[in-house]
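J.: Provided below: model.txt, containing compact mmCIF, C-alpha atoms.
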```txt
# COMPACT_ATOMS: atom_id res chain seq x y z
CA MET L 1 0.00 0.00 0.00
CA PRO L 2 1.29 3.51 -0.79
CA PRO L 3 2.17 5.60 2.27
CA TYR L 4 -0.04 8.45 0.96
CA PRO L 5 -3.62 8.72 -0.29
CA THR L 6 -4.00 8.49 -4.07
CA PRO L 7 -3.85 11.90 -5.78
CA PRO L 8 -7.34 13.15 -6.71
CA THR L 9 -8.47 13.48 -10.34
CA ASP L 10 -11.68 14.15 -12.24
CA ASP L 11 -12.27 10.57 -13.37
CA GLY L 12 -10.51 7.74 -15.18
CA PRO L 13 -8.12 5.07 -13.93
CA GLY L 14 -5.96 7.49 -11.95
CA PHE L 15 -2.52 6.80 -10.51
CA VAL L 16 -0.37 3.98 -9.21
CA TYR L 17 2.40 4.30 -6.65
CA VAL L 18 6.03 3.53 -7.45
CA PRO L 19 8.07 3.09 -4.24
CA SER L 20 11.37 4.76 -3.50
CA GLY L 21 14.64 2.97 -4.06
CA PRO L 22 17.39 2.23 -6.57
CA PHE L 23 16.81 0.96 -10.09
CA GLU L 24 18.86 0.34 -13.21
CA ILE L 25 18.85 3.13 -15.77
CA GLY L 26 20.43 3.03 -19.22
CA ASP L 27 21.13 0.49 -21.94
CA ARG L 28 22.66 -2.67 -20.46
CA SER L 29 24.25 -3.53 -23.81
CA THR L 30 26.44 -0.41 -23.75
CA PRO L 31 29.51 -0.78 -21.49
CA ARG L 32 29.56 1.56 -18.50
CA LEU L 33 26.27 3.19 -19.40
CA ALA L 34 23.80 1.32 -17.18
CA HIS L 35 23.99 2.21 -13.48
CA HIS L 36 21.77 2.39 -10.39
CA PRO L 37 20.46 5.78 -9.25
CA TRP L 38 17.91 6.22 -6.47
CA VAL L 39 14.57 8.03 -6.73
CA ALA L 40 11.99 8.92 -4.10
CA GLY L 41 8.53 7.35 -4.21
CA PHE L 42 5.99 8.93 -6.54
CA PHE L 43 2.65 8.39 -8.24
CA ILE L 44 2.29 8.07 -12.01
CA ALA L 45 -0.79 7.89 -14.22
CA THR L 46 -1.92 4.47 -15.40
CA PHE L 47 -2.48 5.79 -18.95
CA GLU L 48 -1.35 8.71 -21.04
CA THR L 49 -3.28 11.97 -20.64
CA THR L 50 -6.34 11.84 -22.91
CA ASN L 51 -7.98 14.33 -25.26
CA GLY L 52 -10.95 14.47 -22.93
CA GLU L 53 -8.78 15.41 -19.96
CA PHE L 54 -6.88 17.99 -21.97
CA ARG L 55 -10.12 19.51 -23.27
CA ARG L 56 -11.12 20.36 -19.71
CA PHE L 57 -7.84 22.27 -19.42
CA LEU L 58 -8.62 24.11 -22.66
CA ALA L 59 -12.14 24.98 -21.53
CA ASP L 60 -11.35 26.08 -17.97
CA PRO L 61 -10.92 29.89 -17.63
CA GLY L 62 -8.15 29.10 -15.16
CA GLY L 63 -6.55 26.62 -17.56
CA TYR L 64 -4.91 27.08 -20.95
CA ASP L 65 -5.45 30.84 -21.06
CA ASP L 66 -4.21 31.50 -17.51
CA ARG L 67 -0.67 32.92 -17.42
CA ALA L 68 -0.09 31.36 -13.99
CA ASN L 69 0.14 27.88 -15.52
CA TRP L 70 2.99 28.67 -17.89
CA THR L 71 6.72 29.18 -17.68
CA ASP L 72 8.00 32.41 -19.20
CA ALA L 73 9.27 30.50 -22.25
CA GLY L 74 6.00 28.61 -22.57
CA TRP L 75 3.92 31.79 -22.45
CA ALA L 76 6.17 33.37 -25.08
CA TRP L 77 5.69 30.30 -27.30
CA ARG L 78 1.93 30.49 -26.81
CA ALA L 79 1.93 34.13 -27.91
CA ARG L 80 3.69 33.42 -31.20
CA ALA L 81 2.42 29.94 -32.16
CA ALA L 82 -0.89 28.18 -32.66
CA SER L 83 -1.57 25.01 -30.69
CA GLN L 84 -1.91 21.87 -32.85
CA THR L 85 -3.01 19.51 -30.06
CA THR L 86 -5.51 16.82 -31.03
CA ALA L 87 -7.74 17.95 -28.17
CA ARG L 88 -8.70 20.85 -30.46
CA LEU L 89 -9.99 18.55 -33.21
CA THR L 90 -13.75 18.54 -33.82
CA PRO L 91 -15.89 15.62 -35.10
CA SER L 92 -16.02 17.23 -38.56
CA ASP L 93 -12.24 16.92 -38.93
CA PRO L 94 -11.24 13.80 -40.93
CA ARG L 95 -8.51 13.08 -38.37
CA PHE L 96 -10.98 13.01 -35.48
CA PRO L 97 -11.76 9.24 -35.48
CA ARG L 98 -8.07 8.32 -35.35
CA PHE L 99 -6.78 11.07 -33.08
CA GLY L 100 -9.46 13.36 -31.67
CA ARG L 101 -11.84 11.18 -29.68
CA ASP L 102 -11.99 11.86 -25.94
CA PRO L 103 -10.60 8.48 -24.75
CA LEU L 104 -7.51 8.63 -26.98
CA PRO L 105 -4.16 9.98 -25.74
CA VAL L 106 -3.71 13.64 -26.56
CA VAL L 107 -0.87 14.02 -29.08
CA LEU L 108 0.55 16.90 -31.13
CA VAL L 109 1.11 18.53 -27.77
CA THR L 110 4.27 20.50 -27.03
CA TRP L 111 6.31 20.16 -23.86
CA TYR L 112 5.19 23.65 -22.90
CA GLU L 113 1.53 22.62 -23.13
CA ALA L 114 2.09 19.39 -21.20
CA ASP L 115 3.92 21.28 -18.48
CA ALA L 116 1.18 23.93 -18.24
CA TYR L 117 -1.46 21.19 -18.00
CA CYS L 118 0.36 19.68 -15.02
CA ARG L 119 0.59 23.07 -13.34
CA TRP L 120 -3.15 23.49 -13.82
CA LEU L 121 -3.78 20.08 -12.22
CA THR L 122 -1.72 21.12 -9.21
CA ARG L 123 -3.74 24.31 -8.79
CA ARG L 124 -7.01 22.44 -9.30
CA PHE L 125 -6.47 19.24 -7.33
CA GLY L 126 -3.24 19.62 -5.37
CA GLY L 127 -4.83 21.22 -2.34
CA GLY L 128 -1.41 21.88 -0.86
CA ARG L 129 -0.90 18.10 -0.60
CA PHE L 130 0.20 17.04 -4.10
CA TRP L 131 2.37 18.42 -6.87
CA TYR L 132 1.34 17.25 -10.34
CA ARG L 133 4.05 17.39 -13.00
CA LEU L 134 5.69 15.49 -15.82
CA PRO L 135 7.70 12.50 -14.58
CA THR L 136 11.42 12.99 -14.49
CA GLU L 137 13.47 10.81 -16.81
CA GLY L 138 14.55 8.66 -13.86
CA GLU L 139 10.99 8.27 -12.56
CA TRP L 140 9.74 7.38 -16.01
CA GLU L 141 12.31 4.64 -16.54
CA LYS L 142 11.87 3.17 -13.08
CA ALA L 143 8.09 3.05 -13.52
CA ALA L 144 8.41 1.64 -17.05
CA ARG L 145 10.83 -1.14 -16.10
CA GLY L 146 8.56 -2.24 -13.27
CA PRO L 147 9.70 -4.11 -10.18
CA ASP L 148 11.39 -6.74 -12.39
CA GLY L 149 13.65 -4.25 -14.20
CA PHE L 150 12.46 -5.29 -17.68
CA ASP L 151 14.01 -3.88 -20.87
CA TYR L 152 10.58 -3.61 -22.57
CA GLY L 153 7.19 -2.78 -21.16
CA LEU L 154 6.26 -6.40 -20.51
CA GLY L 155 9.48 -8.40 -20.58
CA MET L 156 13.18 -8.65 -21.28
CA ALA L 157 12.80 -9.09 -25.05
CA LEU L 158 10.47 -8.21 -27.91
CA SER L 159 10.13 -11.21 -30.19
CA GLU L 160 7.79 -11.56 -33.15
CA PRO L 161 5.23 -13.57 -31.12
CA GLN L 162 5.15 -10.77 -28.56
CA ALA L 163 4.47 -8.03 -31.11
CA ALA L 164 0.73 -8.01 -30.47
CA LEU L 165 1.35 -7.04 -26.83
CA TYR L 166 2.48 -3.59 -27.96
CA ASN L 167 0.80 -0.91 -30.07
CA TRP L 168 3.51 -0.20 -32.63
CA ARG L 169 3.73 -0.35 -36.40
CA LYS L 170 5.21 -3.87 -36.47
CA ASN L 171 2.02 -5.18 -34.86
CA PRO L 172 -0.03 -6.56 -37.80
CA ASP L 173 -3.23 -6.63 -35.73
CA ALA L 174 -3.13 -2.99 -34.64
CA ASP L 175 -4.46 0.01 -36.48
CA PRO L 176 -1.68 2.54 -37.16
CA THR L 177 -2.91 4.95 -34.48
CA VAL L 178 -3.16 5.52 -30.75
CA VAL L 179 -5.57 3.53 -28.57
CA GLY L 180 -7.46 4.64 -25.46
CA ALA L 181 -7.85 3.23 -21.98
CA GLY L 182 -10.97 1.14 -22.69
CA GLU L 183 -9.45 -0.60 -25.70
CA SER L 184 -6.18 -1.01 -23.81
CA LEU L 185 -7.91 -2.89 -21.00
CA GLU L 186 -9.37 -5.29 -23.57
CA ARG L 187 -6.41 -5.79 -25.90
CA TYR L 188 -3.22 -4.97 -24.03
CA ARG L 189 -1.53 -5.71 -20.72
CA ALA L 190 -0.21 -3.54 -17.91
CA ASN L 191 3.24 -3.94 -16.42
CA ARG L 192 3.57 -5.10 -12.83
CA TYR L 193 3.16 -1.58 -11.50
CA GLY L 194 -0.15 -1.46 -13.38
CA LEU L 195 0.96 0.90 -16.15
CA TYR L 196 -0.14 0.61 -19.79
CA HIS L 197 1.84 1.46 -22.92
CA MET L 198 5.22 2.28 -21.45
CA SER L 199 6.45 0.77 -24.72
CA GLY L 200 4.39 1.91 -27.71
CA ASN L 201 1.10 3.75 -28.28
CA ALA L 202 2.28 7.36 -27.73
CA ALA L 203 5.82 8.41 -26.95
CA GLU L 204 5.91 10.58 -23.83
CA TRP L 205 7.46 13.85 -22.75
CA THR L 206 9.43 13.82 -19.50
CA ALA L 207 10.33 16.74 -17.28
CA SER L 208 14.04 16.31 -17.89
CA LEU L 209 16.51 18.24 -19.98
CA TYR L 210 18.62 15.99 -22.20
CA ARG L 211 21.98 15.32 -20.54
CA HIS L 212 24.37 12.44 -21.01
CA TYR L 213 24.84 10.03 -18.12
CA ASN L 214 26.90 6.92 -17.42
CA VAL L 215 28.75 5.21 -14.57
CA GLU L 216 31.24 8.08 -14.31
CA GLN L 217 28.54 10.76 -14.56
CA PRO L 218 25.46 9.11 -13.06
CA TYR L 219 21.90 10.26 -13.51
CA ARG L 220 20.72 12.58 -10.73
CA GLU L 221 17.41 14.16 -9.83
CA ASP L 222 18.87 17.66 -10.08
CA ASP L 223 18.31 20.89 -11.99
CA ARG L 224 17.83 18.96 -15.25
CA ASN L 225 14.21 18.74 -14.07
CA ASP L 226 13.78 22.50 -13.57
CA ARG L 227 10.79 23.54 -15.68
CA ALA L 228 12.16 27.04 -16.17
CA LEU L 229 15.53 26.11 -17.70
CA PRO L 230 15.93 26.23 -21.51
CA GLY L 231 17.01 23.26 -23.58
CA MET L 232 15.98 20.03 -25.26
CA ARG L 233 13.59 17.81 -23.27
CA VAL L 234 13.71 14.01 -23.20
CA THR L 235 10.98 11.80 -24.66
CA ARG L 236 10.60 8.11 -23.91
CA GLY L 237 8.68 4.97 -24.81
CA GLY L 238 8.33 4.59 -28.57
CA SER L 239 4.93 4.85 -30.25
CA TRP L 240 2.39 3.50 -32.72
CA TYR L 241 4.67 4.88 -35.44
CA SER L 242 7.86 3.10 -34.32
CA ALA L 243 9.19 0.95 -37.15
CA ALA L 244 12.18 -0.40 -35.22
CA ASN L 245 11.81 -2.20 -31.92
CA VAL L 246 14.84 -0.38 -30.50
CA ARG L 247 12.53 2.59 -29.93
CA LEU L 248 10.42 0.42 -27.62
CA ASN L 249 13.41 -0.45 -25.44
CA LEU L 250 12.85 1.35 -22.14
CA ALA L 251 16.38 2.76 -22.10
CA TYR L 252 15.93 4.41 -25.50
CA ARG L 253 15.98 8.22 -25.31
CA GLU L 254 15.21 10.99 -27.74
CA GLU L 255 15.39 14.73 -27.27
CA PHE L 256 13.37 17.52 -28.83
CA GLN L 257 12.91 21.23 -28.48
CA PRO L 258 10.00 21.96 -26.11
CA ASP L 259 8.02 23.68 -28.88
CA MET L 260 8.03 20.52 -31.05
CA SER L 261 4.87 18.44 -31.50
CA SER L 262 4.11 15.18 -33.30
CA ASP L 263 1.10 12.94 -33.85
CA ASP L 264 2.85 10.11 -32.00
CA LEU L 265 3.97 12.14 -28.95
CA GLY L 266 1.92 12.74 -25.81
CA PHE L 267 2.55 12.58 -22.08
CA ARG L 268 1.45 11.10 -18.78
CA VAL L 269 1.32 12.82 -15.40
CA ALA L 270 3.26 12.12 -12.22
CA ALA L 271 2.28 13.33 -8.77
CA VAL L 272 4.35 13.64 -5.60
CA PRO L 273 3.31 14.49 -2.05
CA LEU L 274 4.28 18.03 -1.14
CA VAL L 275 6.86 18.13 1.61
CA GLY L 276 7.97 21.68 0.87
CA PRO L 277 6.99 24.74 -1.16
CA LEU L 278 5.65 24.24 -4.69
CA ARG L 279 8.48 24.66 -7.17
```
Let's see the structure in the file written out as structure tokens.
T.:
Amino acid sequence: MPPYPTPPTDDGPGFVYVPSGPFEIGDRSTPRLAHHPWVAGFFIATFETTNGEFRRFLADPGGYDDRANWTDAGWAWRARAASQTTARLTPSDPRFPRFGRDPLPVVLVTWYEADAYCRWLTRRFGGGRFWYRLPTEGEWEKAARGPDGFDYGLGMALSEPQAALYNWRKNPDADPTVVGAGESLERYRANRYGLYHMSGNAAEWTASLYRHYNVEQPYREDDRNDRALPGMRVTRGGSWYSAANVRLNLAYREEFQPDMSSDDLGFRVAAVPLVGPLR
């Protein structure tokens, strides 16, 4: 049992708790890359953030249009660019069935938008008890590997017979698009923390700036996770569009500018108990 109550949300499957402790981060096949950092316990969402959830953020007067939810860089981006997020699609748009329905993961969302959404959740549900944010790169990999330390979402390998367990382009039984929570419960499996689609479906933004790490320069939960610092942010997990299974390996990292968006990139939310002032 988690040592804290589960973070409140509007609806949906909510969060699972990942306990504190060490875990292995990095590609085991690369000499002196994999090592064992330690992270504090945290909650992380069972599924990616959906269009329906993001639409509430768009509609709330204290949400997307509220300056208080944005970093300075994010607000400057918002002033000069138009949002492309799939939560803005309407049923008349031909892309709506594949990308715009409420239960589907929101994609075409920038890091700035994902970060602002998390800030809004904290103001709406945090109540001085929880801080909602993007998971750090270390938190994401620990949660994705599960208590067994797997290399893929559901095991140590990804063979052809296992392809149907993941929503990616090599899966001959999957439509080439994202899937929502209901369909995931019917067709896919959660890892042993109870998380769906840590490999495949939608790739996911993390809080972290892209920095190299290895045994000599180990990963740390430090200022790389500062939402106000400039730089490339890390994405993880592969997606429905991944043509090579290396992208589904849980150690695989990519980095993008925070104003970038893609129809195979979304995010999921982490939440931590507040033991100090909101950062």
J.: If I take CA of Arg101 (chain L) and CA of Val178 (chain L), how far is one from the other in Å, to one decimal?
T.: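 Pair CA of Arg101 (chain L) / CA of Val178 (chain L) returns 10.4 Å.
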J.: Just how far from CA of Thr177 (chain L) is CA of Gln84 (chain L), in Å to one decimal?
T.: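 CA of Thr177 (chain L) lies 17.0 Å from CA of Gln84 (chain L).
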J.: Find the nearest atom pair between each residue of region 93-180 of chain L and region 211-222 of chain L for residues within 10 Å, count all atoms listed in the file, give distances in Å to one decimal, sort rows by chain and ascending number, and present the table as a tab-separated table.
T.:
```
residue	atom	partner	partner_atom	distance
L:Thr136	CA	L:Glu221	CA	7.7
L:Glu137	CA	L:Glu221	CA	8.7
L:Gly138	CA	L:Glu221	CA	7.4
L:Glu139	CA	L:Glu221	CA	9.1
```
J.: State, in Å with one decimal place, the distance from CA of Ala251 (chain L) to CA of Gly100 (chain L).
T.: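 It comes out at 29.5 Å.
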J.: Find the residues near region 7-21 of chain L: any atom within 8 Å, counting all atoms listed in the file, skip ones fewer than 3 places away on the same chain, and give them as a PDB file with C-alpha atoms, keeping the file's coordinate frame.
T.:
```
ATOM      1  CA  PRO L   2       1.290   3.510  -0.790  1.00  0.00           C
ATOM      2  CA  TRP L  38      17.910   6.220  -6.470  1.00  0.00           C
ATOM      3  CA  VAL L  39      14.570   8.030  -6.730  1.00  0.00           C
ATOM      4  CA  ALA L  40      11.990   8.920  -4.100  1.00  0.00           C
ATOM      5  CA  GLY L  41       8.530   7.350  -4.210  1.00  0.00           C
ATOM      6  CA  PHE L  42       5.990   8.930  -6.540  1.00  0.00           C
ATOM      7  CA  PHE L  43       2.650   8.390  -8.240  1.00  0.00           C
ATOM      8  CA  ILE L  44       2.290   8.070 -12.010  1.00  0.00           C
ATOM      9  CA  ALA L  45      -0.790   7.890 -14.220  1.00  0.00           C
ATOM     10  CA  THR L  46      -1.920   4.470 -15.400  1.00  0.00           C
ATOM     11  CA  PHE L  47      -2.480   5.790 -18.950  1.00  0.00           C
ATOM     12  CA  PHE L 125      -6.470  19.240  -7.330  1.00  0.00           C
ATOM     13  CA  GLY L 126      -3.240  19.620  -5.370  1.00  0.00           C
ATOM     14  CA  PHE L 130       0.200  17.040  -4.100  1.00  0.00           C
ATOM     15  CA  ALA L 143       8.090   3.050 -13.520  1.00  0.00           C
ATOM     16  CA  TYR L 193       3.160  -1.580 -11.500  1.00  0.00           C
ATOM     17  CA  GLY L 194      -0.150  -1.460 -13.380  1.00  0.00           C
ATOM     18  CA  LEU L 195       0.960   0.900 -16.150  1.00  0.00           C
ATOM     19  CA  ALA L 271       2.280  13.330  -8.770  1.00  0.00           C
TER      20      ALA L 271
END
```
J.: Could you tell me which of L:Arg28, L:Ala163, L:Leu108, L:Pro22 comes closest to Ser261 (chain L) if we count only C-alpha atoms?
T.: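 Of L:Arg28, L:Ala163, L:Leu108, L:Pro22, the one nearest Ser261 (chain L) is L:Leu108, counting only C-alpha atoms.
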J.: Looking at only C-alpha atoms, which of L:Leu158, L:Ala73, L:Leu265, L:Val109 is the one that sits closest to Thr86 (chain L)?
T.: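 Residue with the minimum atom-to-atom distance to Thr86 (chain L): L:Val109.
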J.: Neighbours of Pro135 (chain L) within 6 Å (all atoms listed in the file; same-chain residues fewer than 2 positions away dropped), as a list of chain:residue names?
T.: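 My reading of the contact set: L:Glu139, L:Trp140, L:Thr206, L:Ala207, L:Ala270.
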J.: Within 9 Å of Ala228 (chain L), counting only C-alpha atoms, which residues show up once you throw out same-chain ones fewer than 2 positions away? Write them as an mmCIF file with C-alpha atoms, in the frame of the given file, please.
T.:
```cif
data_model
loop_
_atom_site.group_PDB
_atom_site.id
_atom_site.type_symbol
_atom_site.label_atom_id
_atom_site.label_comp_id
_atom_site.auth_asym_id
_atom_site.auth_seq_id
_atom_site.Cartn_x
_atom_site.Cartn_y
_atom_site.Cartn_z
ATOM 1 C CA THR L 71 6.720 29.180 -17.680
ATOM 2 C CA ASP L 72 8.000 32.410 -19.200
ATOM 3 C CA ALA L 73 9.270 30.500 -22.250
ATOM 4 C CA ASN L 225 14.210 18.740 -14.070
ATOM 5 C CA ASP L 226 13.780 22.500 -13.570
ATOM 6 C CA PRO L 230 15.930 26.230 -21.510
#
```
J.: Which one is closest to Pro176 (chain L): L:Trp120, L:Phe99, L:Trp111, L:Tyr252? Count all atoms listed in the file.
T.: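 So, comparing all the options, the nearest one is L:Phe99.
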J.: Find the residue from L:Trp205, L:Tyr241, L:Tyr210, L:Phe96 that sits nearest to Leu229 (chain L); use all atoms listed in the file when measuring.
T.: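 Closest candidate: L:Tyr210.
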J.: When you count all atoms listed in the file, which of these residues is closest to Phe256 (chain L): L:Tyr4, L:Phe57, L:Tyr64, L:Tyr112?
T.: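 Closest to Phe256 (chain L) of all the choices is L:Tyr112.
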J.: Using all atoms listed in the file, I'd like a table of the residues in region 104-215 of chain L that come within 12 Å of region 59-62 of chain L; for each, show the closest atom pair and its distance in Å rounded to one decimal, ordered by chain and ascending number, as JSON lines.
T.:
```
{"residue": "L:Ala116", "atom": "CA", "partner": "L:Gly62", "partner_atom": "CA", "distance": 11.1}
{"residue": "L:Tyr117", "atom": "CA", "partner": "L:Gly62", "partner_atom": "CA", "distance": 10.7}
{"residue": "L:Arg119", "atom": "CA", "partner": "L:Gly62", "partner_atom": "CA", "distance": 10.8}
{"residue": "L:Trp120", "atom": "CA", "partner": "L:Gly62", "partner_atom": "CA", "distance": 7.6}
{"residue": "L:Leu121", "atom": "CA", "partner": "L:Gly62", "partner_atom": "CA", "distance": 10.4}
{"residue": "L:Thr122", "atom": "CA", "partner": "L:Gly62", "partner_atom": "CA", "distance": 11.9}
{"residue": "L:Arg123", "atom": "CA", "partner": "L:Gly62", "partner_atom": "CA", "distance": 9.1}
{"residue": "L:Arg124", "atom": "CA", "partner": "L:Gly62", "partner_atom": "CA", "distance": 8.9}
```
J.: I want to know what sits within 12 Å of Leu165 (chain L), based on only C-alpha atoms, with residues of the same chain fewer than 4 positions away left out; could you give that as a PyMOL selection string?
T.: chain L and resi 152-155+157-161+169-174+184-191+196-201+248
J.: For the residues selected in the previous step, produce a file with C-alpha atoms as a PDB file, in the frame of the given file.
T.:
```
ATOM      1  CA  TYR L 152      10.580  -3.610 -22.570  1.00  0.00           C
ATOM      2  CA  GLY L 153       7.190  -2.780 -21.160  1.00  0.00           C
ATOM      3  CA  LEU L 154       6.260  -6.400 -20.510  1.00  0.00           C
ATOM      4  CA  GLY L 155       9.480  -8.400 -20.580  1.00  0.00           C
ATOM      5  CA  ALA L 157      12.800  -9.090 -25.050  1.00  0.00           C
ATOM      6  CA  LEU L 158      10.470  -8.210 -27.910  1.00  0.00           C
ATOM      7  CA  SER L 159      10.130 -11.210 -30.190  1.00  0.00           C
ATOM      8  CA  GLU L 160       7.790 -11.560 -33.150  1.00  0.00           C
ATOM      9  CA  PRO L 161       5.230 -13.570 -31.120  1.00  0.00           C
ATOM     10  CA  ARG L 169       3.730  -0.350 -36.400  1.00  0.00           C
ATOM     11  CA  LYS L 170       5.210  -3.870 -36.470  1.00  0.00           C
ATOM     12  CA  ASN L 171       2.020  -5.180 -34.860  1.00  0.00           C
ATOM     13  CA  PRO L 172      -0.030  -6.560 -37.800  1.00  0.00           C
ATOM     14  CA  ASP L 173      -3.230  -6.630 -35.730  1.00  0.00           C
ATOM     15  CA  ALA L 174      -3.130  -2.990 -34.640  1.00  0.00           C
ATOM     16  CA  SER L 184      -6.180  -1.010 -23.810  1.00  0.00           C
ATOM     17  CA  LEU L 185      -7.910  -2.890 -21.000  1.00  0.00           C
ATOM     18  CA  GLU L 186      -9.370  -5.290 -23.570  1.00  0.00           C
ATOM     19  CA  ARG L 187      -6.410  -5.790 -25.900  1.00  0.00           C
ATOM     20  CA  TYR L 188      -3.220  -4.970 -24.030  1.00  0.00           C
ATOM     21  CA  ARG L 189      -1.530  -5.710 -20.720  1.00  0.00           C
ATOM     22  CA  ALA L 190      -0.210  -3.540 -17.910  1.00  0.00           C
ATOM     23  CA  ASN L 191       3.240  -3.940 -16.420  1.00  0.00           C
ATOM     24  CA  TYR L 196      -0.140   0.610 -19.790  1.00  0.00           C
ATOM     25  CA  HIS L 197       1.840   1.460 -22.920  1.00  0.00           C
ATOM     26  CA  MET L 198       5.220   2.280 -21.450  1.00  0.00           C
ATOM     27  CA  SER L 199       6.450   0.770 -24.720  1.00  0.00           C
ATOM     28  CA  GLY L 200       4.390   1.910 -27.710  1.00  0.00           C
ATOM     29  CA  ASN L 201       1.100   3.750 -28.280  1.00  0.00           C
ATOM     30  CA  LEU L 248      10.420   0.420 -27.620  1.00  0.00           C
TER      31      LEU L 248
END
```
J.: For a quick check of understanding, using only C-alpha atoms, which of L:Cys118, L:Gly146, L:Pro258, L:Glu141 has the smallest distance to Arg236 (chain L)?
T.: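 Answer, going by the shortest atom-to-atom distance: L:Glu141.
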J.: Produce the centre coordinates and the three edge lengths, each in Å to one decimal, of the box along x, y and z that contains all listed atoms of region 68-87 of chain L with 6 Å added on each side, as AutoDock Vina command-line options.
T.:
```
--center_x 0.8 --center_y 25.5 --center_z -23.4 --size_x 29.0 --size_y 29.3 --size_z 30.9
```
